[in-house]
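final-v8.cif (mmCIF, C-alpha atoms and all ligand atoms)
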data_my_file
#
loop_
_atom_site.label_atom_id
_atom_site.label_comp_id
_atom_site.auth_asym_id
_atom_site.auth_seq_id
_atom_site.Cartn_x
_atom_site.Cartn_y
_atom_site.Cartn_z
CA MET D 12 1.96 -36.47 18.16
CA GLY D 13 2.62 -33.27 16.23
CA PRO D 14 0.81 -30.01 16.74
CA ARG D 15 -2.61 -29.67 15.17
CA PRO D 16 -4.01 -26.74 13.31
CA ALA D 17 -6.17 -24.49 15.46
CA ALA D 18 -9.91 -24.63 15.08
CA SER D 19 -9.92 -21.50 12.95
CA ALA D 20 -8.40 -23.42 10.02
CA ARG D 21 -11.01 -24.95 7.78
CA PRO D 22 -10.34 -28.65 7.29
CA SER D 23 -13.19 -28.77 4.82
CA ARG D 24 -11.61 -30.85 2.06
CA ARG D 25 -10.54 -34.49 2.29
CA ARG D 26 -6.76 -34.61 2.03
CA SER D 27 -4.35 -37.37 1.16
CA PRO D 28 -2.19 -38.76 4.03
CA ARG D 29 0.86 -37.21 2.35
CA ARG D 30 -0.79 -33.78 2.20
CA ARG D 31 -1.87 -34.11 5.85
CA ARG D 32 1.71 -34.94 6.91
CA ALA D 33 3.02 -31.91 4.96
CA ILE D 34 0.50 -29.66 6.66
CA LEU D 35 1.36 -30.96 10.13
CA ALA D 36 5.06 -30.47 9.43
CA SER D 37 4.57 -26.85 8.39
CA VAL D 38 2.47 -25.73 11.35
CA ASN D 39 5.41 -24.56 13.42
CA GLU D 40 7.70 -23.65 10.58
CA PRO D 41 8.73 -20.03 11.13
CA LEU D 42 8.19 -17.44 8.47
CA SER D 43 11.42 -17.18 6.52
CA PHE D 44 13.13 -14.12 5.08
CA ARG D 45 15.12 -15.61 2.22
CA ARG D 46 17.79 -13.56 0.48
CA ASP D 47 20.57 -14.09 -2.07
CA ARG D 48 23.57 -11.82 -2.03
CA ARG D 49 25.22 -10.95 -5.35
CA THR D 50 28.57 -9.33 -6.09
CA THR D 51 29.64 -7.61 -9.30
CA GLN D 52 33.34 -6.97 -10.09
CA LEU D 53 34.18 -3.90 -12.12
CA HIS D 54 36.90 -1.29 -12.63
CA ASP D 55 35.24 1.76 -11.15
CA PRO D 56 35.91 5.10 -12.90
CA ARG D 57 34.83 6.86 -9.71
CA ARG D 58 37.78 5.22 -7.92
CA ASP D 59 40.44 5.74 -10.56
CA PHE D 60 39.38 2.45 -12.20
CA ALA D 61 40.32 0.37 -9.18
CA LEU D 62 38.87 -3.14 -9.29
CA SER D 63 35.80 -2.91 -7.07
CA ALA D 64 33.18 -5.25 -5.75
CA ILE D 65 29.62 -3.91 -5.79
CA GLU D 66 27.07 -5.81 -3.79
CA SER D 67 23.38 -6.22 -4.39
CA GLU D 68 20.73 -8.48 -2.98
CA ILE D 69 17.68 -10.38 -4.10
CA ARG D 70 15.03 -10.84 -1.44
CA TYR D 71 11.97 -13.04 -1.62
CA ASP D 72 8.57 -12.04 -0.30
CA PRO D 73 7.82 -14.34 2.64
CA LEU D 74 4.23 -14.90 1.51
CA THR D 75 4.32 -15.08 -2.27
CA GLY D 76 8.00 -15.85 -2.91
CA GLU D 77 8.17 -12.97 -5.39
CA SER D 78 11.63 -11.50 -5.75
CA ALA D 79 12.74 -7.94 -5.07
CA ARG D 80 16.13 -6.49 -5.94
CA ILE D 81 18.00 -4.14 -3.67
CA CYS D 82 20.84 -2.21 -5.27
CA HIS D 83 22.14 0.18 -2.70
CA PHE D 84 23.56 2.90 -4.87
CA ALA D 85 20.92 5.52 -4.28
CA PRO D 86 21.93 9.12 -4.69
CA PRO D 87 19.78 11.38 -2.52
CA PRO D 88 16.55 12.33 -4.30
CA ALA D 89 16.77 15.48 -6.40
CA ALA D 90 15.51 18.61 -4.63
CA PRO D 91 11.74 18.82 -5.08
CA PRO D 92 10.50 21.23 -7.72
CA ASP D 93 8.51 24.30 -6.69
CA LEU D 94 5.42 22.42 -5.55
CA GLY D 95 3.57 25.58 -4.59
CA ALA D 96 3.96 26.89 -8.14
CA ILE D 97 2.76 23.58 -9.64
CA ALA D 98 -0.29 23.64 -7.37
CA GLU D 99 -1.10 27.25 -8.22
CA ALA D 100 -0.80 26.56 -11.95
CA ARG D 101 -3.73 24.18 -11.69
CA ARG D 102 -5.87 25.99 -9.12
CA ALA D 103 -7.97 28.02 -11.59
CA THR D 104 -9.07 24.92 -13.51
CA CYS D 105 -9.19 22.43 -10.61
CA PRO D 106 -12.44 20.45 -10.84
CA PHE D 107 -12.24 19.49 -7.15
CA CYS D 108 -11.99 22.97 -5.59
CA PRO D 109 -15.16 23.95 -3.67
CA ASP D 110 -16.43 26.46 -6.23
CA ARG D 111 -16.25 23.97 -9.11
CA VAL D 112 -16.86 20.50 -7.69
CA GLU D 113 -20.67 20.91 -7.86
CA LEU D 114 -20.55 22.26 -11.40
CA VAL D 115 -18.17 19.95 -13.23
CA THR D 116 -18.07 16.56 -11.51
CA PRO D 117 -20.50 13.79 -12.47
CA ARG D 118 -23.40 12.59 -10.31
CA PHE D 119 -24.51 9.06 -9.48
CA PRO D 120 -27.95 7.93 -10.61
CA GLU D 121 -30.54 8.76 -7.92
CA SER D 122 -31.30 5.06 -7.45
CA LEU D 123 -27.71 4.45 -6.38
CA VAL D 124 -26.90 7.61 -4.41
CA PRO D 125 -29.81 9.90 -3.55
CA GLY D 126 -28.79 13.46 -4.35
CA GLY D 127 -26.15 12.24 -6.81
CA ARG D 128 -23.11 12.82 -4.60
CA PHE D 129 -22.22 11.31 -1.23
CA ARG D 130 -21.02 13.72 1.47
CA ARG D 131 -19.39 13.33 4.87
CA GLY D 132 -18.08 16.49 6.49
CA GLU D 133 -16.05 18.33 3.86
CA ALA D 134 -15.44 15.17 1.81
CA VAL D 135 -17.53 14.53 -1.29
CA VAL D 136 -17.78 11.27 -3.28
CA PHE D 137 -18.90 11.19 -6.93
CA PRO D 138 -18.43 8.90 -9.94
CA ASN D 139 -15.10 8.80 -11.72
CA LEU D 140 -15.69 10.32 -15.15
CA PHE D 141 -13.25 7.69 -16.45
CA PRO D 142 -14.53 4.55 -14.72
CA TYR D 143 -12.64 1.27 -14.81
CA ASP D 144 -15.23 -0.92 -13.14
CA ASP D 145 -18.95 -1.04 -12.44
CA LEU D 146 -18.50 1.26 -9.48
CA SER D 147 -15.54 3.58 -9.74
CA ALA D 148 -15.71 6.71 -7.59
CA VAL D 149 -13.59 9.66 -6.54
CA ALA D 150 -13.56 11.00 -2.98
CA VAL D 151 -12.31 14.58 -2.67
CA LEU D 152 -10.86 14.81 0.83
CA GLY D 153 -11.67 18.44 1.59
CA LYS D 154 -11.59 22.03 0.44
CA GLU D 155 -7.81 22.46 0.50
CA HIS D 156 -6.40 22.49 -3.05
CA PHE D 157 -2.90 21.34 -2.15
CA VAL D 158 -1.34 19.59 0.82
CA PRO D 159 2.37 18.80 0.81
CA MET D 160 3.37 15.24 1.72
CA SER D 161 5.38 16.65 4.60
CA ASP D 162 2.25 17.95 6.29
CA VAL D 163 -0.86 15.94 5.45
CA PRO D 164 -3.30 16.73 8.27
CA SER D 165 -4.64 13.61 9.93
CA SER D 166 -8.07 15.28 10.09
CA LEU D 167 -8.13 15.50 6.27
CA VAL D 168 -7.27 11.80 5.87
CA ALA D 169 -9.72 10.77 8.58
CA THR D 170 -12.53 12.71 6.89
CA GLY D 171 -11.73 11.25 3.47
CA LEU D 172 -11.23 7.66 4.62
CA GLY D 173 -14.33 7.89 6.82
CA ALA D 174 -16.32 9.10 3.81
CA ALA D 175 -14.96 6.27 1.65
CA ARG D 176 -15.89 3.74 4.36
CA ASP D 177 -19.40 5.13 4.77
CA PHE D 178 -19.87 5.29 1.01
CA LEU D 179 -18.83 1.64 0.61
CA ARG D 180 -21.11 0.63 3.49
CA ALA D 181 -24.02 2.39 1.78
CA ILE D 182 -23.29 1.25 -1.74
CA ALA D 183 -22.17 -2.38 -1.26
CA PRO D 184 -25.64 -3.80 -0.48
CA ARG D 185 -27.07 -2.04 -3.54
CA LEU D 186 -24.42 -3.70 -5.72
CA GLY D 187 -24.90 -7.19 -4.40
CA GLY D 188 -22.51 -6.88 -1.43
CA ALA D 189 -20.77 -10.17 -0.63
CA GLY D 190 -18.17 -11.16 -3.18
CA LEU D 191 -17.12 -7.59 -3.92
CA TYR D 192 -13.92 -5.92 -2.80
CA GLY D 193 -14.04 -2.31 -1.61
CA LEU D 194 -10.77 -0.70 -2.67
CA VAL D 195 -9.57 2.66 -1.43
CA THR D 196 -6.46 4.15 -3.00
CA TRP D 197 -4.65 7.46 -3.28
CA ASN D 198 -2.33 8.77 -5.99
CA HIS D 199 -0.73 11.96 -4.64
CA MET D 200 0.98 14.27 -7.13
CA PRO D 201 2.12 13.52 -10.69
CA PRO D 202 5.00 11.04 -10.08
CA ALA D 203 2.38 8.74 -8.51
CA GLY D 204 -0.01 9.08 -11.43
CA GLY D 205 -2.06 11.80 -9.76
CA THR D 206 -3.59 13.85 -12.55
CA GLN D 207 -5.18 16.35 -10.14
CA ILE D 208 -3.22 18.18 -7.45
CA HIS D 209 -6.28 18.47 -5.21
CA PRO D 210 -6.15 15.58 -2.68
CA HIS D 211 -8.58 12.82 -3.62
CA LEU D 212 -9.03 9.07 -3.21
CA GLN D 213 -10.23 6.45 -5.65
CA VAL D 214 -12.98 4.27 -4.23
CA VAL D 215 -13.80 1.14 -6.22
CA ALA D 216 -16.19 -1.75 -5.59
CA THR D 217 -15.24 -4.68 -7.76
CA SER D 218 -15.28 -8.44 -8.07
CA GLU D 219 -11.78 -8.26 -9.60
CA PRO D 220 -9.39 -6.72 -7.07
CA GLY D 221 -6.21 -6.93 -9.14
CA ASN D 222 -3.44 -9.47 -9.52
CA ALA D 223 -1.37 -8.55 -6.47
CA LEU D 224 -4.24 -8.67 -4.01
CA ARG D 225 -5.69 -11.82 -5.57
CA ARG D 226 -2.30 -13.60 -5.24
CA GLU D 227 -1.88 -12.48 -1.65
CA LEU D 228 -5.33 -13.55 -0.57
CA ALA D 229 -4.88 -16.98 -2.12
CA ALA D 230 -1.50 -17.43 -0.42
CA GLU D 231 -2.95 -16.25 2.91
CA ARG D 232 -5.77 -18.78 2.69
CA SER D 233 -3.23 -21.56 2.19
CA TRP D 234 -1.19 -20.22 5.12
CA LEU D 235 -4.20 -20.27 7.43
CA GLU D 236 -5.23 -23.70 6.23
CA GLU D 237 -1.77 -25.13 6.78
CA ARG D 238 -0.78 -23.38 10.00
CA GLY D 239 -4.03 -22.50 11.69
CA ARG D 240 -3.17 -18.82 12.13
CA PRO D 241 -3.27 -15.79 9.84
CA PHE D 242 -0.15 -14.94 7.87
CA ALA D 243 -0.21 -11.32 9.07
CA ALA D 244 0.15 -12.43 12.71
CA ASP D 245 3.35 -14.28 11.84
CA LEU D 246 4.50 -11.42 9.63
CA LEU D 247 4.15 -8.72 12.29
CA LYS D 248 6.05 -10.85 14.77
CA ALA D 249 8.86 -11.61 12.32
CA GLU D 250 9.21 -8.07 10.93
CA GLY D 251 9.37 -6.77 14.51
CA ALA D 252 12.03 -9.29 15.48
CA ALA D 253 14.04 -8.33 12.41
CA GLY D 254 14.06 -4.63 13.37
CA ARG D 255 11.78 -3.36 10.63
CA ARG D 256 8.88 -2.25 12.81
CA ALA D 257 8.27 1.50 12.64
CA GLY D 258 5.70 1.92 15.38
CA THR D 259 1.99 1.82 16.09
CA SER D 260 -1.00 4.10 15.82
CA GLY D 261 -4.01 2.79 17.68
CA ASN D 262 -4.37 -0.86 16.71
CA TRP D 263 -2.36 -0.42 13.48
CA THR D 264 1.25 -1.61 13.29
CA TRP D 265 3.54 0.06 10.76
CA PHE D 266 6.71 -1.47 9.31
CA ALA D 267 9.10 -1.40 6.36
CA PRO D 268 8.65 -4.75 4.58
CA PHE D 269 11.62 -7.12 4.06
CA ALA D 270 11.07 -7.33 0.29
CA PRO D 271 10.45 -3.71 -0.73
CA VAL D 272 8.38 -2.41 -3.62
CA GLY D 273 9.50 1.21 -3.89
CA VAL D 274 12.70 2.51 -5.43
CA LEU D 275 13.36 4.49 -2.24
CA GLY D 276 11.56 2.16 0.12
CA ASP D 277 7.98 1.69 1.23
CA CYS D 278 5.89 1.06 4.27
CA ARG D 279 2.97 -1.09 5.35
CA ALA D 280 0.37 -0.91 8.07
CA VAL D 281 -1.64 -3.88 9.35
CA LEU D 282 -4.80 -3.88 11.44
CA PRO D 283 -5.31 -7.19 13.27
CA GLY D 284 -8.67 -8.87 13.21
CA LYS D 285 -10.41 -6.75 10.54
CA SER D 286 -10.36 -7.45 6.84
CA THR D 287 -12.32 -4.72 5.04
CA VAL D 288 -12.50 -0.92 5.02
CA THR D 289 -16.18 -1.13 5.95
CA GLU D 290 -15.26 -2.77 9.27
CA LEU D 291 -13.15 0.20 10.38
CA SER D 292 -14.38 1.98 13.48
CA ASP D 293 -14.05 5.76 13.79
CA GLU D 294 -11.10 5.11 16.13
CA ASP D 295 -9.41 2.88 13.52
CA VAL D 296 -9.87 5.60 10.89
CA LEU D 297 -8.41 8.30 13.14
CA ALA D 298 -5.51 6.09 14.19
CA PHE D 299 -4.72 5.21 10.58
CA ALA D 300 -4.74 8.88 9.61
CA GLU D 301 -2.33 9.71 12.40
CA GLY D 302 0.04 6.87 11.47
CA LEU D 303 -0.08 7.86 7.82
CA ARG D 304 0.78 11.48 8.70
CA ARG D 305 3.89 10.26 10.50
CA ALA D 306 4.95 7.86 7.76
CA LEU D 307 4.48 10.49 5.06
CA ARG D 308 6.52 12.97 7.02
CA ALA D 309 9.35 10.45 7.37
CA PHE D 310 9.52 9.98 3.60
CA ALA D 311 9.13 13.73 2.99
CA ARG D 312 12.12 14.37 5.23
CA ALA D 313 14.10 12.18 2.83
CA GLY D 314 13.19 14.56 -0.03
CA LEU D 315 10.10 12.74 -1.39
CA TRP D 316 6.86 14.53 -2.29
CA SER D 317 4.60 12.02 -4.04
CA PHE D 318 3.09 8.66 -3.10
CA ASN D 319 0.61 5.89 -3.84
CA LEU D 320 -1.45 4.46 -1.02
CA THR D 321 -3.68 1.39 -1.32
CA LEU D 322 -5.69 -0.43 1.28
CA PHE D 323 -5.64 -4.20 0.75
CA PRO D 324 -8.98 -5.68 1.86
CA ASP D 325 -10.59 -9.09 1.61
CA ARG D 326 -14.02 -9.27 0.01
CA PHE D 327 -17.09 -8.07 1.87
CA GLY D 328 -18.53 -10.77 4.10
CA GLU D 329 -15.40 -12.96 4.08
CA ARG D 330 -15.12 -14.57 7.50
CA THR D 331 -12.24 -17.05 7.26
CA GLY D 332 -9.92 -14.82 9.31
CA ALA D 333 -7.14 -15.43 6.77
CA HIS D 334 -6.63 -11.76 5.95
CA TRP D 335 -5.97 -8.73 8.11
CA LEU D 336 -6.61 -5.37 6.49
CA SER D 337 -3.37 -3.74 5.40
CA ALA D 338 -2.28 -0.53 3.74
CA ARG D 339 0.70 -0.11 1.41
CA LEU D 340 2.39 3.25 1.20
CA LEU D 341 4.68 3.65 -1.77
CA PRO D 342 6.63 6.90 -2.17
CA ARG D 343 7.09 7.80 -5.83
CA LEU D 344 9.63 10.03 -7.50
CA TYR D 345 11.13 11.30 -10.69
CA LEU D 346 14.69 10.04 -10.87
CA ASP D 347 15.38 13.31 -12.71
CA ASN D 348 12.98 16.18 -12.12
CA LEU D 349 13.95 18.00 -15.31
CA LEU D 350 13.53 15.01 -17.62
CA HIS D 351 10.63 13.55 -15.58
CA VAL D 352 12.39 10.17 -15.54
CA PRO D 353 9.92 7.85 -13.78
CA ASP D 354 10.87 5.40 -11.05
CA ALA D 355 9.37 2.43 -12.90
CA SER D 356 10.87 0.81 -15.97
CA TYR D 357 10.94 -2.55 -17.76
CA LEU D 358 11.82 -4.30 -14.50
CA GLN D 359 8.62 -3.43 -12.65
CA LEU D 360 6.26 -3.06 -15.59
CA LEU D 361 7.29 -5.86 -17.95
CA LEU D 362 9.17 -8.32 -15.76
CA GLY D 363 7.04 -7.72 -12.65
CA GLU D 364 10.25 -7.36 -10.62
CA ARG D 365 10.49 -5.06 -7.62
CA PHE D 366 13.53 -2.80 -7.46
CA SER D 367 14.78 -0.74 -4.54
CA MET D 368 17.78 1.44 -3.87
CA ALA D 369 17.07 1.64 -0.13
CA TRP D 370 17.54 -0.95 2.59
CA PRO D 371 14.24 -1.54 4.38
CA GLU D 372 16.13 -1.63 7.68
CA GLU D 373 17.24 1.97 7.14
CA VAL D 374 13.75 2.99 6.02
CA ALA D 375 12.38 1.50 9.24
CA GLU D 376 14.84 3.58 11.25
CA ARG D 377 13.70 6.79 9.55
CA LEU D 378 10.06 5.85 10.15
CA ARG D 379 10.72 5.08 13.81
CA ALA D 380 12.02 8.60 14.33
CA GLU D 381 8.56 9.94 13.35
CA PHE D 382 6.67 7.35 15.38
CA GLY D 383 8.69 8.33 18.45
CA GLU D 384 10.26 4.90 18.70
CA GLY D 385 13.67 5.81 17.26
ZN ZN A 1 -8.46 22.22 -6.16
#

Is it possible to give me this structure as structure tokens?
Amino acid sequence: MGPRPAASARPSRRRSPRRRRAILASVNEPLSFRRDRRTTQLHDPRRDFALSAIESEIRYDPLTGESARICHFAPPPAAPPDLGAIAEARRATCPFCPDRVELVTPRFPESLVPGGRFRRGEAVVFPNLFPYDDLSAVAVLGKEHFVPMSDVPSSLVATGLGAARDFLRAIAPRLGGAGLYGLVTWNHMPPAGGTQIHPHLQVVATSEPGNALRRELAAERSWLEERGRPFAADLLKAEGAAGRRAGTSGNWTWFAPFAPVGVLGDCRAVLPGKSTVTELSDEDVLAFAEGLRRALRAFARAGLWSFNLTLFPDRFGERTGAHWLSARLLPRLYLDNLLHVPDASYLQLLLGERFSMAWPEEVAERLRAEFGEG
């Protein structure tokens, strides 16, 4: 008799015998890292037009099957511009600096947030003046106008993430709670879409979490149903065995994913057993902030100075165990600082195709050096 799904799977629907056999067959199937190698022949002007073979690779995400191209011809990133000068140029008009935040940022209705703004330590949460959902907020992390990616204090992140968590805890019941997703994201500096230099998070409560998260959650539910264990448990084991683990901070595990998203690599963190930001303990928040500081420093050492960060939660009240809370860290860059050439083009935006010029295995090595596991 074959292995049976563990009790945590939900055999709630009646299935055909064929479907049941397929499920039983897949229970012990290992997670697979599928890749296709490609070779292009060309006469290379950089080598006196010698006939040359240039290799690239297409990798497939082990959960969704989505493809990602790796073309390893990355020149080192251009030297960062004068970030201090950019920050200073915006200081006088910054709406998030302590002397202006009270005067120029919007307030929530009293019925939603008594006092109009939500505060935790030096962090302050208020409505986004340009909302894109029923509840769309901004969390200013602290008083500091500019923090370079190379030195993001973990205390700043812990304060901001803790404020976002507490805000979502307070606000979710007033919005109907279960069924909503509490998203926390960060766009740092202009290449990442950050329109304000001053460090701030976006905090959104929504029933529509976005295509990527929706696809992942659906695939994870199928994984749990078919194999009786959460996808992320298999993923952490497999990424570790493949040498892409970066290290740990508290209960978080950090790694460079097999099928990358970023042009110069990216990084993920997974927290076993919890699925929403509101479930984070103070220790989880502190540990995440410390891991993020290390990961950011690793990318900054490679010449990067901008990033997107998004926490991927399940919906409030979801108790299937299919999803473990994860965070995606995506360094962003101008391919040319003078022309402001962005790192996204038709591939990512119109074809939905990931494109990287860095091997995740090398990214993992750089990350490990910061996590003390190199
Ligand atoms: Zn400021």

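With only C-alpha atoms and all ligand atoms as the atoms that count, the residue of D:Ala181, D:Cys105, D:Val274, D:Ala311 with the shortest distance to ligand ZN 1 (chain A) is D:Cys105.
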
Got a sec: who's within 8 Å of region 209-219 of chain D, counting all atoms listed in the file, leaving out chain neighbours fewer than 2 positions off, as a JSON list (two decimals) with C-alpha atoms, keeping the file's coordinate frame?
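Output file selection-v3.json follows:
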[["chain", "number", "residue", "atom", "x", "y", "z"],
["D", 105, "CYS", "CA", -9.19, 22.43, -10.61],
["D", 107, "PHE", "CA", -12.24, 19.49, -7.15],
["D", 108, "CYS", "CA", -11.99, 22.97, -5.59],
["D", 144, "ASP", "CA", -15.23, -0.92, -13.14],
["D", 145, "ASP", "CA", -18.95, -1.04, -12.44],
["D", 146, "LEU", "CA", -18.50, 1.26, -9.48],
["D", 147, "SER", "CA", -15.54, 3.58, -9.74],
["D", 148, "ALA", "CA", -15.71, 6.71, -7.59],
["D", 149, "VAL", "CA", -13.59, 9.66, -6.54],
["D", 150, "ALA", "CA", -13.56, 11.00, -2.98],
["D", 151, "VAL", "CA", -12.31, 14.58, -2.67],
["D", 152, "LEU", "CA", -10.86, 14.81, 0.83],
["D", 153, "GLY", "CA", -11.67, 18.44, 1.59],
["D", 155, "GLU", "CA", -7.81, 22.46, 0.50],
["D", 156, "HIS", "CA", -6.40, 22.49, -3.05],
["D", 157, "PHE", "CA", -2.90, 21.34, -2.15],
["D", 158, "VAL", "CA", -1.34, 19.59, 0.82],
["D", 171, "GLY", "CA", -11.73, 11.25, 3.47],
["D", 175, "ALA", "CA", -14.96, 6.27, 1.65],
["D", 179, "LEU", "CA", -18.83, 1.64, 0.61],
["D", 183, "ALA", "CA", -22.17, -2.38, -1.26],
["D", 190, "GLY", "CA", -18.17, -11.16, -3.18],
["D", 191, "LEU", "CA", -17.12, -7.59, -3.92],
["D", 192, "TYR", "CA", -13.92, -5.92, -2.80],
["D", 193, "GLY", "CA", -14.04, -2.31, -1.61],
["D", 194, "LEU", "CA", -10.77, -0.70, -2.67],
["D", 195, "VAL", "CA", -9.57, 2.66, -1.43],
["D", 196, "THR", "CA", -6.46, 4.15, -3.00],
["D", 197, "TRP", "CA", -4.65, 7.46, -3.28],
["D", 198, "ASN", "CA", -2.33, 8.77, -5.99],
["D", 199, "HIS", "CA", -0.73, 11.96, -4.64],
["D", 207, "GLN", "CA", -5.18, 16.35, -10.14],
["D", 221, "GLY", "CA", -6.21, -6.93, -9.14]]

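Here the question is which of D:Glu99, D:Asp72, D:Glu376, D:Asp55 gets nearest to ligand ZN 1 (chain A) using only C-alpha atoms and all ligand atoms, and that residue is D:Glu99.
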
Counting only C-alpha atoms and all ligand atoms, the option among D:Glu290, D:Asp110, D:Asp93, D:Asp47 closest to ligand ZN 1 (chain A)
D:Asp110

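Proximity ranking of D:Leu228, D:Val136, D:Ala98, D:Leu378 relative to Thr170 (chain D) places D:Val136 first, based on only C-alpha atoms.
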
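Going from CA of Glu250 (chain D) over to CA of Ala79 (chain D), you cover 16.4 Å.
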
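Nearest to Thr321 (chain D) of all the residues D:Arg305, D:Asp277, D:Ala333, D:Pro241 is D:Asp277, counting all atoms listed in the file.
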
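Minimum distance to Leu303 (chain D) across D:Ala280, D:Ala134, D:Ile65, D:Leu360 (counting all atoms listed in the file) occurs at D:Ala280.
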
Tell me, as number ranges by chain, which residues lie within 12 Å of Met160 (chain D), counting all atoms listed in the file; anything in the same chain fewer than 5 positions away does not count.
D: 91, 94, 165, 168, 198-200, 208, 210, 303-319, 342-343

Atoms kept (C-alpha atoms) for selection, written as a PDB file, keeping the file's coordinate frame:
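Result file is selection25.pdb:
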ATOM      1  CA  PRO D  91      11.740  18.820  -5.080  1.00  0.00           C
ATOM      2  CA  LEU D  94       5.420  22.420  -5.550  1.00  0.00           C
ATOM      3  CA  SER D 165      -4.640  13.610   9.930  1.00  0.00           C
ATOM      4  CA  VAL D 168      -7.270  11.800   5.870  1.00  0.00           C
ATOM      5  CA  ASN D 198      -2.330   8.770  -5.990  1.00  0.00           C
ATOM      6  CA  HIS D 199      -0.730  11.960  -4.640  1.00  0.00           C
ATOM      7  CA  MET D 200       0.980  14.270  -7.130  1.00  0.00           C
ATOM      8  CA  ILE D 208      -3.220  18.180  -7.450  1.00  0.00           C
ATOM      9  CA  PRO D 210      -6.150  15.580  -2.680  1.00  0.00           C
ATOM     10  CA  LEU D 303      -0.080   7.860   7.820  1.00  0.00           C
ATOM     11  CA  ARG D 304       0.780  11.480   8.700  1.00  0.00           C
ATOM     12  CA  ARG D 305       3.890  10.260  10.500  1.00  0.00           C
ATOM     13  CA  ALA D 306       4.950   7.860   7.760  1.00  0.00           C
ATOM     14  CA  LEU D 307       4.480  10.490   5.060  1.00  0.00           C
ATOM     15  CA  ARG D 308       6.520  12.970   7.020  1.00  0.00           C
ATOM     16  CA  ALA D 309       9.350  10.450   7.370  1.00  0.00           C
ATOM     17  CA  PHE D 310       9.520   9.980   3.600  1.00  0.00           C
ATOM     18  CA  ALA D 311       9.130  13.730   2.990  1.00  0.00           C
ATOM     19  CA  ARG D 312      12.120  14.370   5.230  1.00  0.00           C
ATOM     20  CA  ALA D 313      14.100  12.180   2.830  1.00  0.00           C
ATOM     21  CA  GLY D 314      13.190  14.560  -0.030  1.00  0.00           C
ATOM     22  CA  LEU D 315      10.100  12.740  -1.390  1.00  0.00           C
ATOM     23  CA  TRP D 316       6.860  14.530  -2.290  1.00  0.00           C
ATOM     24  CA  SER D 317       4.600  12.020  -4.040  1.00  0.00           C
ATOM     25  CA  PHE D 318       3.090   8.660  -3.100  1.00  0.00           C
ATOM     26  CA  ASN D 319       0.610   5.890  -3.840  1.00  0.00           C
ATOM     27  CA  PRO D 342       6.630   6.900  -2.170  1.00  0.00           C
ATOM     28  CA  ARG D 343       7.090   7.800  -5.830  1.00  0.00           C
TER      29      ARG D 343
END

Suppose you want the space between CA of Arg180 (chain D) and CA of Val288 (chain D); what is it in Å?
8.9 Å

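With only C-alpha atoms taken into account, the protein and nucleic acid residues at most 8 Å from Glu372 (chain D) (excluding it and anything under 2 positions from it in its own chain) are Gly254, Arg255, Ala267, Phe269, Trp370, Val374, Ala375 and Glu376 of chain D.
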
The distance between CA of Phe323 (chain D) and CA of Ser260 (chain D) is 17.8 Å

Nearby residues, (-22.3, 11.5, -3.9) file frame, 10 Å, only C-alpha atoms, as a compact mmCIF listing (two decimals) with C-alpha atoms, in the coordinates of the input:
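Contents of result.txt, freshly written:
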# COMPACT_ATOMS: atom_id res chain seq x y z
CA PRO D 117 -20.50 13.79 -12.47
CA ARG D 118 -23.40 12.59 -10.31
CA PHE D 119 -24.51 9.06 -9.48
CA PRO D 120 -27.95 7.93 -10.61
CA GLU D 121 -30.54 8.76 -7.92
CA LEU D 123 -27.71 4.45 -6.38
CA VAL D 124 -26.90 7.61 -4.41
CA PRO D 125 -29.81 9.90 -3.55
CA GLY D 126 -28.79 13.46 -4.35
CA GLY D 127 -26.15 12.24 -6.81
CA ARG D 128 -23.11 12.82 -4.60
CA PHE D 129 -22.22 11.31 -1.23
CA ARG D 130 -21.02 13.72 1.47
CA ARG D 131 -19.39 13.33 4.87
CA ALA D 134 -15.44 15.17 1.81
CA VAL D 135 -17.53 14.53 -1.29
CA VAL D 136 -17.78 11.27 -3.28
CA PHE D 137 -18.90 11.19 -6.93
CA PRO D 138 -18.43 8.90 -9.94
CA ALA D 148 -15.71 6.71 -7.59
CA VAL D 149 -13.59 9.66 -6.54
CA ALA D 150 -13.56 11.00 -2.98
CA PHE D 178 -19.87 5.29 1.01

Using all atoms listed in the file, which residues sit within 9 Å of Pro353 (chain D) once same-chain residues fewer than 4 positions away are excluded, as a PDB file with C-alpha atoms, in the frame of the given file?
ATOM      1  CA  PRO D 202       5.000  11.040 -10.080  1.00  0.00           C
ATOM      2  CA  ARG D 343       7.090   7.800  -5.830  1.00  0.00           C
ATOM      3  CA  LEU D 344       9.630  10.030  -7.500  1.00  0.00           C
ATOM      4  CA  TYR D 345      11.130  11.300 -10.690  1.00  0.00           C
ATOM      5  CA  LEU D 346      14.690  10.040 -10.870  1.00  0.00           C
ATOM      6  CA  ASP D 347      15.380  13.310 -12.710  1.00  0.00           C
TER       7      ASP D 347
END
